[in-house]
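J.: What follows is query.txt; its format and atoms are compact mmCIF, C-alpha atoms.
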```txt
# COMPACT_ATOMS: atom_id res chain seq x y z
CA MET A 95 -13.27 -15.49 -15.94
CA GLN A 96 -15.90 -15.02 -13.24
CA ALA A 97 -16.88 -16.41 -9.87
CA THR A 98 -20.59 -17.02 -9.47
CA THR A 99 -21.10 -18.29 -5.92
CA THR A 100 -23.62 -16.18 -4.01
CA PRO A 101 -22.09 -14.31 -1.04
CA THR A 102 -23.44 -14.79 2.46
CA ARG A 103 -26.40 -12.77 3.67
CA ALA A 104 -24.15 -10.94 6.15
CA ALA A 105 -21.83 -9.93 3.33
CA ARG A 106 -24.77 -8.76 1.21
CA ILE A 107 -25.98 -6.53 4.03
CA ALA A 108 -22.56 -5.14 4.90
CA TYR A 109 -21.63 -4.33 1.32
CA SER A 110 -24.98 -3.26 -0.07
CA ALA A 111 -23.72 0.34 -0.21
CA SER A 112 -21.37 1.42 -2.97
CA THR A 113 -17.73 0.55 -2.30
CA ARG A 114 -16.34 3.05 -4.77
CA SER A 115 -16.59 6.13 -2.59
CA ARG A 116 -13.52 7.26 -0.66
CA ILE A 117 -13.30 6.62 3.07
CA PRO A 118 -11.89 9.80 4.69
CA SER A 119 -10.40 7.99 7.67
CA LEU A 120 -8.37 5.82 5.33
CA ASP A 121 -7.18 8.87 3.40
CA GLY A 122 -5.94 10.17 6.75
CA MET A 123 -4.11 6.91 7.38
CA ARG A 124 -2.59 7.10 3.91
CA ALA A 125 -1.36 10.58 4.78
CA ILE A 126 0.35 9.33 7.93
CA SER A 127 1.85 6.47 5.91
CA ILE A 128 3.34 8.78 3.29
CA LEU A 129 4.66 11.09 6.03
CA LEU A 130 6.55 8.13 7.52
CA VAL A 131 8.01 7.34 4.10
CA LEU A 132 8.92 10.96 3.44
CA PHE A 133 10.66 11.35 6.79
CA GLY A 134 12.59 8.11 6.30
CA HIS A 135 13.77 9.30 2.88
CA LEU A 136 14.52 12.86 3.99
CA VAL A 137 16.96 11.64 6.62
CA GLY A 138 20.46 12.06 5.26
CA THR A 139 19.52 14.47 2.47
CA ASP A 140 21.55 17.67 2.19
CA ARG A 141 20.66 20.28 4.87
CA PHE A 142 18.07 18.07 6.60
CA TRP A 143 18.63 18.30 10.36
CA PHE A 144 18.51 14.51 10.90
CA THR A 145 21.56 13.08 9.15
CA GLU A 146 22.17 9.53 10.39
CA VAL A 147 20.50 6.83 8.28
CA THR A 148 20.04 4.01 10.77
CA GLU A 149 18.14 0.73 10.57
CA PRO A 150 15.23 2.20 12.60
CA VAL A 151 15.00 5.07 10.08
CA ARG A 152 14.81 2.58 7.21
CA ALA A 153 12.28 0.50 9.14
CA LEU A 154 10.13 3.59 9.75
CA ALA A 155 9.88 4.26 6.01
CA LYS A 156 9.16 0.62 5.31
CA PHE A 157 6.45 0.50 7.95
CA GLY A 158 4.79 3.41 6.16
CA VAL A 159 4.69 1.26 3.02
CA HIS A 160 3.26 -1.66 4.97
CA VAL A 161 0.43 0.53 6.23
CA PHE A 162 -0.33 1.24 2.57
CA PHE A 163 -0.31 -2.52 1.95
CA VAL A 164 -2.88 -3.29 4.64
CA ILE A 165 -5.14 -0.45 3.44
CA SER A 166 -4.79 -1.63 -0.16
CA GLY A 167 -5.74 -5.23 0.63
CA TYR A 168 -8.72 -4.02 2.66
CA LEU A 169 -10.06 -1.70 -0.02
CA ILE A 170 -9.48 -4.07 -2.94
CA THR A 171 -11.33 -6.85 -1.14
CA ARG A 172 -14.22 -4.54 -0.24
CA ILE A 173 -14.54 -3.65 -3.90
CA LEU A 174 -14.49 -7.31 -4.92
CA MET A 175 -17.12 -8.16 -2.29
CA GLY A 176 -19.24 -5.24 -3.43
CA GLU A 177 -19.08 -6.47 -7.04
CA TRP A 178 -19.98 -9.96 -5.90
CA HIS A 179 -23.02 -8.60 -4.08
CA ARG A 180 -24.19 -6.46 -7.00
CA THR A 181 -23.67 -8.97 -9.80
CA GLY A 182 -23.25 -12.38 -8.16
CA SER A 183 -19.82 -12.70 -9.76
CA ILE A 184 -16.31 -11.27 -10.03
CA SER A 185 -15.01 -10.25 -13.42
CA ILE A 186 -11.25 -10.83 -13.51
CA GLY A 187 -10.94 -8.76 -16.67
CA ARG A 188 -12.71 -5.78 -15.10
CA PHE A 189 -10.55 -6.09 -11.99
CA TYR A 190 -7.31 -5.97 -13.97
CA THR A 191 -8.63 -3.09 -16.06
CA ARG A 192 -9.51 -1.06 -12.94
CA ARG A 193 -6.12 -1.84 -11.46
CA ALA A 194 -4.28 -0.82 -14.64
CA PHE A 195 -6.08 2.54 -14.80
CA ARG A 196 -5.25 3.15 -11.15
CA ILE A 197 -1.58 2.21 -11.10
CA LEU A 198 -0.05 2.35 -14.56
CA PRO A 199 -0.50 5.97 -15.75
CA VAL A 200 1.53 7.59 -12.96
CA ALA A 201 4.08 4.75 -12.90
CA ILE A 202 4.60 4.94 -16.68
CA ALA A 203 4.90 8.74 -16.59
CA TYR A 204 7.48 8.46 -13.81
CA LEU A 205 9.50 5.78 -15.56
CA GLY A 206 9.46 7.84 -18.75
CA VAL A 207 10.92 10.84 -16.93
CA VAL A 208 13.49 8.68 -15.14
CA ALA A 209 14.56 7.10 -18.44
CA VAL A 210 15.18 10.52 -19.99
CA LEU A 211 17.10 11.74 -16.92
CA ALA A 212 19.18 8.56 -16.82
CA TRP A 213 19.97 8.81 -20.54
CA ALA A 214 21.06 12.42 -19.99
CA GLY A 215 23.30 11.36 -17.11
CA VAL A 216 21.36 13.36 -14.51
CA VAL A 217 20.14 10.32 -12.56
CA PRO A 218 22.40 7.27 -11.97
CA MET A 219 20.66 4.15 -13.21
CA LEU A 220 21.38 0.53 -13.96
CA TRP A 221 19.23 -0.24 -16.97
CA SER A 222 18.66 -3.76 -15.67
CA ASP A 223 16.99 -2.16 -12.63
CA PHE A 224 14.85 -0.06 -14.95
CA LEU A 225 13.67 -3.22 -16.71
CA HIS A 226 12.82 -4.81 -13.35
CA ALA A 227 10.84 -1.70 -12.42
CA ALA A 228 8.95 -1.74 -15.73
CA SER A 229 8.16 -5.47 -15.39
CA TYR A 230 7.10 -5.25 -11.71
CA THR A 231 9.85 -7.56 -10.50
CA MET A 232 11.79 -4.92 -8.56
CA ASN A 233 11.15 -6.73 -5.27
CA PHE A 234 13.58 -9.47 -6.30
CA ILE A 235 16.52 -7.04 -6.51
CA ASP A 236 18.81 -6.30 -3.58
CA GLY A 237 20.35 -2.82 -3.56
CA PRO A 238 18.73 -1.36 -6.70
CA SER A 239 19.23 2.08 -8.24
CA TRP A 240 17.68 4.70 -5.96
CA ALA A 241 15.41 6.27 -8.57
CA VAL A 242 13.44 3.05 -9.11
CA GLY A 243 14.14 1.19 -5.87
CA HIS A 244 10.89 2.26 -4.22
CA LEU A 245 8.89 0.50 -6.96
CA TRP A 246 9.52 -2.76 -5.09
CA SER A 247 6.24 -1.99 -3.31
CA LEU A 248 4.26 -1.81 -6.55
CA SER A 249 5.87 -5.10 -7.59
CA VAL A 250 4.72 -6.81 -4.38
CA GLU A 251 1.19 -5.45 -4.81
CA GLU A 252 0.82 -6.37 -8.47
CA GLN A 253 2.16 -9.89 -7.94
CA PHE A 254 -0.28 -10.40 -5.06
CA TYR A 255 -3.23 -9.03 -7.05
CA ILE A 256 -2.56 -11.41 -9.89
CA LEU A 257 -3.29 -14.22 -7.42
CA TRP A 258 -5.94 -12.87 -5.02
CA PRO A 259 -8.92 -12.41 -7.39
CA LEU A 260 -8.05 -15.69 -9.10
CA ALA A 261 -8.06 -17.40 -5.70
CA LEU A 262 -11.54 -16.01 -5.03
CA VAL A 263 -12.75 -17.30 -8.39
CA VAL A 264 -11.18 -20.75 -8.17
CA LEU A 265 -11.37 -21.46 -4.43
CA ARG A 266 -14.45 -19.38 -3.56
CA TRP A 267 -14.52 -17.07 -0.55
CA HIS A 268 -14.15 -19.53 2.32
CA ARG A 269 -11.23 -21.50 0.86
CA ALA A 270 -9.56 -18.30 -0.36
CA GLN A 271 -9.81 -16.88 3.17
CA MET A 272 -8.22 -20.04 4.56
CA ALA A 273 -5.38 -19.88 2.02
CA CYS A 274 -4.86 -16.22 2.88
CA LEU A 275 -4.80 -17.02 6.60
CA LEU A 276 -2.25 -19.82 6.11
CA PHE A 277 -0.03 -17.42 4.18
CA VAL A 278 -0.27 -14.85 6.99
CA ILE A 279 0.62 -17.47 9.60
CA ALA A 280 3.60 -18.72 7.57
CA ALA A 281 4.95 -15.25 6.68
CA PRO A 282 7.23 -14.68 9.72
CA ALA A 283 8.94 -18.03 9.14
CA LEU A 284 9.25 -17.24 5.43
CA ARG A 285 10.89 -13.92 6.27
CA ILE A 286 13.46 -15.49 8.57
CA ALA A 287 14.16 -18.36 6.15
CA THR A 288 14.68 -15.89 3.30
CA LYS A 289 17.04 -13.88 5.48
CA LEU A 290 19.09 -16.95 6.32
CA HIS A 291 19.26 -18.09 2.70
CA TYR A 292 19.69 -14.83 0.80
CA GLY A 293 21.00 -12.47 3.46
CA HIS A 294 18.55 -9.63 2.89
CA ALA A 295 15.19 -11.23 3.67
CA ALA A 296 12.10 -9.12 4.00
CA TRP A 297 13.46 -5.87 2.59
CA TRP A 298 12.99 -6.83 -1.06
CA ALA A 299 11.48 -10.30 -0.84
CA PRO A 300 7.86 -11.09 -1.79
CA THR A 301 7.18 -12.18 1.79
CA ASP A 302 6.08 -8.58 2.44
CA ALA A 303 2.74 -9.40 0.80
CA ASP A 304 1.33 -10.79 4.03
CA ALA A 305 0.53 -7.19 5.00
CA ILE A 306 -1.78 -7.05 1.98
CA ALA A 307 -3.23 -10.43 2.93
CA ILE A 308 -4.14 -9.16 6.41
CA GLY A 309 -6.05 -6.28 4.81
CA CYS A 310 -7.86 -8.79 2.59
CA LEU A 311 -8.82 -10.90 5.60
CA LEU A 312 -10.05 -7.85 7.49
CA ALA A 313 -12.42 -6.89 4.68
CA SER A 314 -13.66 -10.40 3.92
CA LEU A 315 -14.28 -11.19 7.59
CA GLY A 316 -15.76 -7.76 8.29
CA PRO A 317 -19.44 -8.80 8.30
CA ARG A 318 -18.70 -11.68 10.67
CA LEU A 319 -16.63 -9.47 12.98
CA ALA A 320 -19.49 -6.96 13.10
CA SER A 321 -21.71 -9.62 14.71
CA TRP A 322 -19.39 -9.96 17.73
CA PRO A 323 -20.26 -7.38 20.41
CA GLY A 324 -16.99 -8.05 22.24
CA TYR A 325 -14.98 -7.21 19.14
CA LEU A 326 -16.89 -3.98 18.61
CA ARG A 327 -16.26 -3.02 22.24
CA LEU A 328 -12.57 -3.73 21.65
CA LEU A 329 -12.58 -1.37 18.65
CA ARG A 330 -14.21 1.40 20.69
CA SER A 331 -11.64 0.97 23.47
CA PRO A 332 -8.12 2.48 23.56
CA VAL A 333 -6.61 -0.95 22.72
CA PRO A 334 -6.18 -0.34 18.95
CA LEU A 335 -4.33 2.92 19.65
CA LEU A 336 -2.21 1.30 22.36
CA SER A 337 -1.30 -1.47 19.92
CA LEU A 338 0.83 1.08 18.04
CA ALA A 339 3.46 0.24 20.65
CA ILE A 340 4.07 -2.96 18.66
CA PRO A 341 5.25 -1.34 15.41
CA ALA A 342 7.11 1.25 17.49
CA ALA A 343 9.02 -1.57 19.20
CA GLY A 344 9.66 -3.28 15.88
CA ILE A 345 11.09 -0.07 14.43
CA ALA A 346 13.24 0.59 17.50
CA LEU A 347 14.58 -2.98 17.37
CA ALA A 348 15.15 -2.97 13.61
CA GLU A 349 18.84 -3.78 14.07
CA HIS A 350 17.80 -7.08 15.68
CA GLN A 351 16.24 -8.39 12.49
CA GLY A 352 14.99 -11.75 13.74
CA LEU A 353 12.91 -10.13 16.49
CA SER A 354 11.87 -7.30 14.20
CA TYR A 355 10.57 -9.77 11.59
CA LEU A 356 8.43 -11.47 14.22
CA LEU A 357 7.04 -8.15 15.46
CA MET A 358 6.24 -7.14 11.89
CA GLN A 359 3.26 -9.48 11.75
CA ALA A 360 1.83 -8.11 15.00
CA ALA A 361 2.40 -4.61 13.60
CA HIS A 362 0.27 -5.47 10.56
CA LEU A 363 -2.50 -6.70 12.86
CA SER A 364 -2.37 -3.46 14.85
CA VAL A 365 -2.78 -1.49 11.61
CA ALA A 366 -5.76 -3.68 10.68
CA LEU A 367 -7.36 -2.99 14.06
CA LEU A 368 -6.93 0.75 13.54
CA ILE A 369 -8.40 0.57 10.05
CA ASP A 370 -11.48 -1.25 11.32
CA LYS A 371 -11.79 1.11 14.28
CA TYR A 372 -11.83 4.27 12.20
CA VAL A 373 -13.94 2.88 9.35
CA ARG A 374 -16.63 1.69 11.76
CA PHE A 375 -16.26 4.46 14.36
CA PRO A 376 -14.75 7.54 12.68
CA GLU A 377 -15.80 9.66 15.66
CA SER A 378 -13.44 7.72 17.97
CA LEU A 379 -10.44 9.35 19.62
CA GLY A 380 -8.05 10.29 16.83
CA GLY A 381 -10.73 10.13 14.16
CA GLY A 382 -10.99 13.90 13.97
CA LEU A 383 -7.32 14.11 13.07
CA LEU A 384 -7.56 11.39 10.41
CA ASN A 385 -10.59 13.11 8.90
CA SER A 386 -9.04 16.57 8.96
CA THR A 387 -8.86 18.47 5.69
CA VAL A 388 -5.07 18.56 5.59
CA LEU A 389 -4.59 14.83 6.13
CA THR A 390 -7.38 13.73 3.80
CA HIS A 391 -6.01 15.93 1.00
CA LEU A 392 -2.51 14.59 1.59
CA GLY A 393 -3.91 11.06 1.56
CA VAL A 394 -5.52 11.68 -1.83
CA LEU A 395 -2.12 12.80 -3.14
CA SER A 396 -0.25 9.94 -1.48
CA TYR A 397 0.15 7.68 -4.52
CA SER A 398 1.58 10.35 -6.79
CA LEU A 399 3.66 11.69 -3.92
CA TYR A 400 5.09 8.25 -3.19
CA ILE A 401 6.02 7.67 -6.83
CA TRP A 402 7.66 11.06 -7.50
CA GLN A 403 9.36 11.79 -4.15
CA GLU A 404 12.19 9.40 -4.97
CA LEU A 405 13.66 11.81 -7.52
CA PHE A 406 13.97 14.59 -4.94
CA LEU A 407 14.59 12.80 -1.63
CA ASP A 408 17.89 11.32 -2.77
CA ARG A 409 20.52 11.47 -0.05
CA THR A 410 23.30 10.71 -2.56
CA SER A 411 22.42 13.55 -4.92
CA THR A 412 24.26 16.88 -5.06
CA LEU A 413 21.55 18.59 -7.14
CA ALA A 414 19.86 21.68 -5.70
CA ILE A 415 16.45 20.00 -5.96
CA ALA A 416 17.69 17.29 -3.56
CA ARG A 417 18.46 19.77 -0.76
CA PHE A 418 16.04 20.29 2.09
CA PRO A 419 13.53 22.01 2.06
CA VAL A 420 13.59 22.44 -1.72
CA ASN A 421 13.36 18.67 -2.17
CA ILE A 422 10.13 18.24 -0.22
CA ILE A 423 8.57 21.33 -1.83
CA CYS A 424 9.43 19.98 -5.29
CA ALA A 425 8.05 16.54 -4.41
CA LEU A 426 4.75 18.04 -3.24
CA CYS A 427 4.41 20.29 -6.28
CA VAL A 428 5.12 17.50 -8.76
CA ALA A 429 2.69 15.22 -6.89
CA VAL A 430 -0.07 17.82 -7.26
CA VAL A 431 0.63 18.13 -11.00
CA SER A 432 0.72 14.34 -11.37
CA TYR A 433 -2.57 13.93 -9.52
CA ARG A 434 -4.29 16.69 -11.47
CA PHE A 435 -3.07 15.87 -14.96
CA VAL A 436 -2.33 12.13 -14.83
CA GLU A 437 -4.26 10.40 -12.04
CA GLN A 438 -7.54 12.26 -12.25
CA PRO A 439 -8.03 12.07 -16.04
CA PHE A 440 -7.36 8.33 -16.12
CA LEU A 441 -9.56 7.65 -13.08
CA ALA A 442 -12.36 9.64 -14.73
CA TRP A 443 -11.86 7.62 -17.91
CA ARG A 444 -12.05 4.43 -15.88
CA GLU A 445 -15.33 5.53 -14.31
CA ARG A 446 -16.82 6.28 -17.72
CA LEU A 447 -15.83 2.83 -18.97
CA GLN A 448 -17.29 1.15 -15.91
CA ARG A 449 -20.65 2.89 -16.41
CA ARG A 450 -21.00 1.44 -19.89
CA PRO A 451 -23.38 -1.50 -20.10
```
Will you turn the file into C-alpha cells for me?

T.:
Amino acid sequence: MQATTTPTRAARIAYSASTRSRIPSLDGMRAISILLVLFGHLVGTDRFWFTEVTEPVRALAKFGVHVFFVISGYLITRILMGEWHRTGSISIGRFYTRRAFRILPVAIAYLGVVAVLAWAGVVPMLWSDFLHAASYTMNFIDGPSWAVGHLWSLSVEEQFYILWPLALVVLRWHRAQMACLLFVIAAPALRIATKLHYGHAAWWAPTDADAIAIGCLLASLGPRLASWPGYLRLLRSPVPLLSLAIPAAGIALAEHQGLSYLLMQAAHLSVALLIDKYVRFPESLGGGLLNSTVLTHLGVLSYSLYIWQELFLDRTSTLAIARFPVNIICALCVAVVSYRFVEQPFLAWRERLQRRP
C-alpha cells in the first residue's frame, strides 16, 4: 500500500537531504534518556546508595522512556517525509520491514535468553507475561514480571506505528496531522479517565503514545515552523532549556497523579522544543554536551542497553550480578555485545536490502 500525494514545496526543500544519517544531538538526548531509566531502575538494588523507591523515582525512569518516545516519533516521521519527497509515495511494506529489522533482533534475542533463564528457575516469570511481551501487548498488563515489564514501551511504539503510516496513506498529510493533534489534545483526559476506571492509568495504558504523536507533529510541521522567525528566535533563546522545569515539577509531584498527568503533556512539548532546538542549532548552549563523544556513543547503545538492563537492575534479585556496581557494568557490557553482534549486523542487512532496486 502506498500514498502518492505530492508533499508541499516546503517539505521537499526541508527534507531533500538524506534522512537516514544519525543526528548526534539526538544521540546525546537518547543518552540522557537512558541514564534517567538506569538511575530509576538502580534505585533499590543491592548496595546502591539510594534505596527508597518512591513515585518520583518511578516517574523519573518513565520520563526517560517518554523522551525516547518523542525522539522516535520525530525520526520516524522525518524518514517517512524523506521517502515521500524522494519517491512521491510511502511504501507501508518497506516501513514495516525497516521497523522489524530495527526492533525485532535484539528483542527476540533478549526474550530467548529470558525464556531459558525462566525455565531454569533463575528469573521469576509468569509465562502469560512472556506471551504478552512476545505479542507486543505488554502495555495492557498491570504489575507484570520484572524481566519483561519494560517491554511495555515497545508495545506502545509498535501499536502506534501500525496506525501512523496507514493514517498518512489513507488520510494524507494534512488530515493525518489533524488526527494526531486531536489525539494529543485528548490524551490528558484519556489518562485521567483510564486512571479512574482501571486504577493504574498511564503507567501501562496505551495513552502514553501521545508522546510519540508529539514527535510526529514536530517533524511533519518542521518546514512550516522554520518559516516563522519568532519561533526560531524562541528556539535560540533559553526558553527551551527553562521549560525543563515542567517535567521536573511533574516528577516531583508524581504522588499527586492527577496533576502529574496534566503536566505530562507539557513535559512532552518541552522535550519537543529541545529536540528542535538542538537539531536546528546544535551549537546552542548545551549542544556541546549532547554532541560529546561519551554521550553520542551511549546514545547509539541506548536501545540494546534499555532492553538488557532489566536483567541486571532488578531490585528484588539476590544474584551477584544484580548488586551495584556489578549490575551496571554487566548491563553496559552486554549492551555493547548486543549492539556489535545483533544490532549492527541486522541494520547492515537492512541497508543492503534497501539499496536493491

J.: Restricting the calculation to all atoms listed in the file: of A:Ala209, A:Leu384, A:Ala366, A:Ile415, which residue gets closest to Ser222 in chain A?

T.: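 Between A:Ala209, A:Leu384, A:Ala366, A:Ile415, the residue approaching Ser222 in chain A most closely is A:Ala209.
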
J.: Nearest residue to Val164 in chain A out of A:Ala214, A:Val147, A:Leu312, A:Leu257, using all atoms listed in the file?

T.: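 For Val164 in chain A, the nearest of the candidates is A:Leu312.
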
J.: Go through A:Ile117, A:Ala241, A:Leu129, A:Leu262 one by one, measure the shortest atom-to-atom distance of each to Ala212 in chain A using only C-alpha atoms, and give the residue with the smallest value.

T.: A:Ala241

J.: Could you state the separation of CA of Leu426 in chain A and CA of Val217 in chain A in Å, given to one decimal place?

T.: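 Atom-to-atom, CA of Leu426 in chain A to CA of Val217 in chain A, that is 19.6 Å.
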
J.: Would you be able to write out as a list of chain:residue names which residues have an atom within 12 Å of (-17.8, -3.2, 19.4) in the file's coordinates, counting all atoms listed in the file?

T.: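 It turns out the residues near that spot are A:Leu319, A:Ala320, A:Ser321, A:Trp322, A:Pro323, A:Gly324, A:Tyr325, A:Leu326, A:Arg327, A:Leu328, A:Leu329, A:Arg330, A:Ser331, A:Pro332, A:Val333, A:Pro334, A:Leu367, A:Asp370, A:Lys371, A:Tyr372, A:Arg374, A:Phe375, A:Ser378.
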
J.: Please provide the set of residues having any atom within 8 Å of Ser398 in chain A, restricted to only C-alpha atoms, with same-chain residues fewer than 6 positions apart removed, written as JSON, numbers by chain.

T.: {"A": [200, 429, 430, 432, 433, 437]}

J.: Kindly indicate which residue among A:Ile128, A:Leu225, A:Ala425, A:Ile306 lies nearest to Tyr255 in chain A, using all atoms listed in the file for the distances.

T.: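 Looking only at the distances to Tyr255 in chain A, the closest residue turns out to be A:Ile306.
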
J.: Which of these, A:Val131, A:Leu211, A:Phe435, A:Leu335, has the shortest distance to Val365 in chain A once you count only C-alpha atoms?

T.: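 Closest to Val365 in chain A, using only C-alpha atoms: A:Leu335.
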
J.: Return the single residue from A:Gln448, A:Thr231, A:Thr181, A:Ser314 that is closest to Arg269 in chain A, with distances computed using all atoms listed in the file.

T.: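 Ranked by minimum distance to Arg269 in chain A, first place goes to A:Ser314.
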
J.: Extract, using all atoms listed in the file, all DNA, RNA and protein residues at most 7 Å from Leu407 in chain A, discarding same-chain residues fewer than 2 positions from it, and format them as a VMD selection string.

T.: chain A and resid 135 to 136 139 403 to 405 409 416 421

J.: By how many Å are CA of Ala280 in chain A and CA of Leu363 in chain A apart?

T.: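 Interatomic distance here is 14.5 Å.
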
J.: Measure the distance from CA of Phe254 in chain A to CA of Thr390 in chain A in Å and round it to one decimal.

T.: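 One can read the CA of Phe254 in chain A to CA of Thr390 in chain A distance as 26.7 Å.
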
J.: Fewer than 3 positions away in the same chain doesn't count, so skip those; otherwise give me all residues within 10 Å of Ala270 in chain A, counting all atoms listed in the file, as a ChimeraX atom specification.

T.: /A:258-267,273-276,311,314

J.: Write the residues you've just listed into a file as a PDB file, keeping the file's coordinate frame, and include C-alpha atoms for each of them.

T.:
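Result saved to out-v8.pdb:
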```pdb
ATOM      1  CA  TRP A 258      -5.940 -12.870  -5.020  1.00  0.00           C
ATOM      2  CA  PRO A 259      -8.920 -12.410  -7.390  1.00  0.00           C
ATOM      3  CA  LEU A 260      -8.050 -15.690  -9.100  1.00  0.00           C
ATOM      4  CA  ALA A 261      -8.060 -17.400  -5.700  1.00  0.00           C
ATOM      5  CA  LEU A 262     -11.540 -16.010  -5.030  1.00  0.00           C
ATOM      6  CA  VAL A 263     -12.750 -17.300  -8.390  1.00  0.00           C
ATOM      7  CA  VAL A 264     -11.180 -20.750  -8.170  1.00  0.00           C
ATOM      8  CA  LEU A 265     -11.370 -21.460  -4.430  1.00  0.00           C
ATOM      9  CA  ARG A 266     -14.450 -19.380  -3.560  1.00  0.00           C
ATOM     10  CA  TRP A 267     -14.520 -17.070  -0.550  1.00  0.00           C
ATOM     11  CA  ALA A 273      -5.380 -19.880   2.020  1.00  0.00           C
ATOM     12  CA  CYS A 274      -4.860 -16.220   2.880  1.00  0.00           C
ATOM     13  CA  LEU A 275      -4.800 -17.020   6.600  1.00  0.00           C
ATOM     14  CA  LEU A 276      -2.250 -19.820   6.110  1.00  0.00           C
ATOM     15  CA  LEU A 311      -8.820 -10.900   5.600  1.00  0.00           C
ATOM     16  CA  SER A 314     -13.660 -10.400   3.920  1.00  0.00           C
TER      17      SER A 314
END
```

J.: If I put a ball of radius 10 Å at (-10.7, -0.4, -12.3) in the file's coordinates, which residues poke into it when counting all atoms listed in the file, written as a PyMOL selection string?

T.: chain A and resi 173+187-197+441+443-445+447-448

J.: If we count only C-alpha atoms and set the cut-off at 9 Å, which residues sit around Glu149 in chain A, ignoring sequence neighbours fewer than 3 positions away in its own chain? Please answer as an mmCIF file with C-alpha atoms, keeping the file's coordinate frame.

T.:
```
data_model
loop_
_atom_site.group_PDB
_atom_site.id
_atom_site.type_symbol
_atom_site.label_atom_id
_atom_site.label_comp_id
_atom_site.auth_asym_id
_atom_site.auth_seq_id
_atom_site.Cartn_x
_atom_site.Cartn_y
_atom_site.Cartn_z
ATOM 1 C CA ARG A 152 14.810 2.580 7.210
ATOM 2 C CA ALA A 153 12.280 0.500 9.140
ATOM 3 C CA LEU A 154 10.130 3.590 9.750
ATOM 4 C CA ILE A 345 11.090 -0.070 14.430
ATOM 5 C CA ALA A 346 13.240 0.590 17.500
ATOM 6 C CA LEU A 347 14.580 -2.980 17.370
ATOM 7 C CA ALA A 348 15.150 -2.970 13.610
ATOM 8 C CA GLU A 349 18.840 -3.780 14.070
#
```
